[in-house]
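A short write-up of the structure that comes next.
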Amino acid sequence: MNPRAKLLSLGTLMPVIDQALEARFEVLREGPAGDLDAVIAAHGGEIRAIVTRGQRRTDAALIGRLPKLELIANFGVGYDTVEVEAAAAQGVVVTNTPDVLNDEMGDFTVGLLLATVRQLPLAERHLRGGHWQKGAFPLGPSLRGRRIGIAGMGRIGRVIAHRLSGFDLPISYHARNRVPNIDFAYHPDLVGLARAVDVLIVVLPGGETTRHAVNAEVLAALGADGVLINVARGSVVDEEALIAALRDGTILAAGLDVFAAEPHVPDELGAMDNVVLVPHIGTATHHTRGLMADLLIRNVMLWFDGAGPVTPVAETPVVRRG
Ligand code: 8YV
């Protein structure tokens with residue numbers, strides 16, 4: 001019997017993924033302190049796939065130490081922690097888990113928007129803290145009359161826009177290019193979009209090209225009644241500038257699922273009442289994480305069956321194997 005192919009599993013994956021992979025592969029893992037050197041020294045020449053959920057970077061240095069690497073399977077649609085250029089240069093295919101999470105992200109984003117604008121967590125704290133008996137929760141902001149802006153009109157952005165179309169509010173968007181076959185107003189630059197709306201929903205992909213795309217200028221353009229919702233990546237927003245904008249009233253409020261240095265969340269944000277903070281849970285349901293797990297497993301299995309991956313990313317060409 002042929003020895004099992006060696007696969008490197010980075011970070012904590014769902015048990016269903018671990019079980020499926022262990023049934024077919026020799027699964028190697030980082031040391032207890034996240035130390036990879038020992039495992040690479042022992043097996044680096046034979047590792048043929050990496051599976052990761054992006055808790056640590058799969059960078060050029062790591063990829064370069066694995067000469068037999070063929071596949072990097074990323075758990076998540078965003079693969080900003082995988083250095084795709086280095087993978088492509090070495091002929092390694094990268095896969096992600098697109099589409100199966102679009103509806104969940106649409107639902108979640110609407111929820112976070114409403115929670116932020118209608119101050120639901122603050123109202124709940126008011127009730128649980130026993131303050132209702134002493135006085136009604138004060139009147140607060142509304143979604144009524146607002147103009148919605150969506151930064152990023154990819155698959156998730158389009159689902160969010162579709163969901164919000166039922167809210168009878170004008171929707172406009174910014175993306176690198178105008179998206180065909182949609183009716184929403186297009187803004188070629190983000191500052192222009194921020195100036196035109198009162199709610200800015202960020203669904204841009206992460207990575208260097210979008211780093212701090214939402215900066216002090218964008219926040220100033222969003223304005224004193226403005227609400228920022230970030231369900232994309234913490235890196236897309238200049239967190240320091242956001243903290244300053246929330247503190248000095250440059251914008252009204254923010255709802256954040258993602259942060260610059262997760263799981264660290266700046267104390268300043270935690271101390272503010274005009275922010276809703278949740279721990280990167282956009283896709284965190286049994287239903288959707290199950291679909292993401294299935295897709296990741298299928299990508300790995302089909303690759304090693306010689307049938308090619310299901311969802312390779314655009315940057316890495318699929319080399320059909322003989
Ligand atoms: C997950 C995500 O939280 O799909 C993504 O890009 O950010 C989320 O679905 C993450 O990938 C799993 O840790």
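Ordering of the structure tokens sets the chain letters (A, B, ...), residue numbers begin anew at 1 in every chain, and ligands are numbered from 1 in the order given.
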Per-residue DSSP, region 48-277 of chain A, filtered to alpha helix (DSSP H), as a PyMOL selection string: chain A and resi 60-64+84-89+102-117+120-128+155-164+190-196+216-222+239-247+267-270
Go through chain A and flag each residue having an atom no more than 8 Å from ligand 1; for those, report the closest pair of atoms plus their distance in Å to one decimal, using only C-alpha atoms and all ligand atoms, ordered by chain and rising number, as CSV.
residue,atom,partner,partner_atom_place_in_ligand_line,distance
A:Arg53,CA,ligand 1,13 (O),4.9
A:Gly54,CA,ligand 1,13 (O),6.5
A:Gln55,CA,ligand 1,13 (O),7.2
A:Asn74,CA,ligand 1,11 (O),7.6
A:Phe75,CA,ligand 1,11 (O),5.2
A:Gly76,CA,ligand 1,4 (O),3.1
A:Val77,CA,ligand 1,4 (O),3.9
A:Gly78,CA,ligand 1,6 (O),3.5
A:Tyr79,CA,ligand 1,6 (O),6.6
A:Thr97,CA,ligand 1,4 (O),6.8
A:Pro98,CA,ligand 1,4 (O),7.5
A:Leu101,CA,ligand 1,9 (O),7.1
A:Ala232,CA,ligand 1,7 (O),7.2
A:Arg233,CA,ligand 1,7 (O),7.3
A:His280,CA,ligand 1,3 (O),5.8
A:Ile281,CA,ligand 1,3 (O),6.1
A:Gly282,CA,ligand 1,9 (O),6.5
A:Thr283,CA,ligand 1,9 (O),4.8
A:Ala284,CA,ligand 1,3 (O),6.6
A:Arg289,CA,ligand 1,9 (O),7.6
Selection near Pro266 (chain A), 9 Å with only C-alpha atoms, sequence-local residues under 6 positions removed, as a VMD selection string: chain A and resid 239 243 259
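CA of Leu62 (chain A) lies 11.4 Å from CA of Ile47 (chain A).
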Shortest interatomic distance to Leu113 (chain A) - which of A:Leu228, A:Met272, A:Ala194, A:Ala87, counting only C-alpha atoms: A:Leu228
All residues 10 Å or closer to Gly140 (chain A), only C-alpha atoms, same chain fewer than 4 positions away omitted, as a PyMOL selection string: chain A and resi 117-119
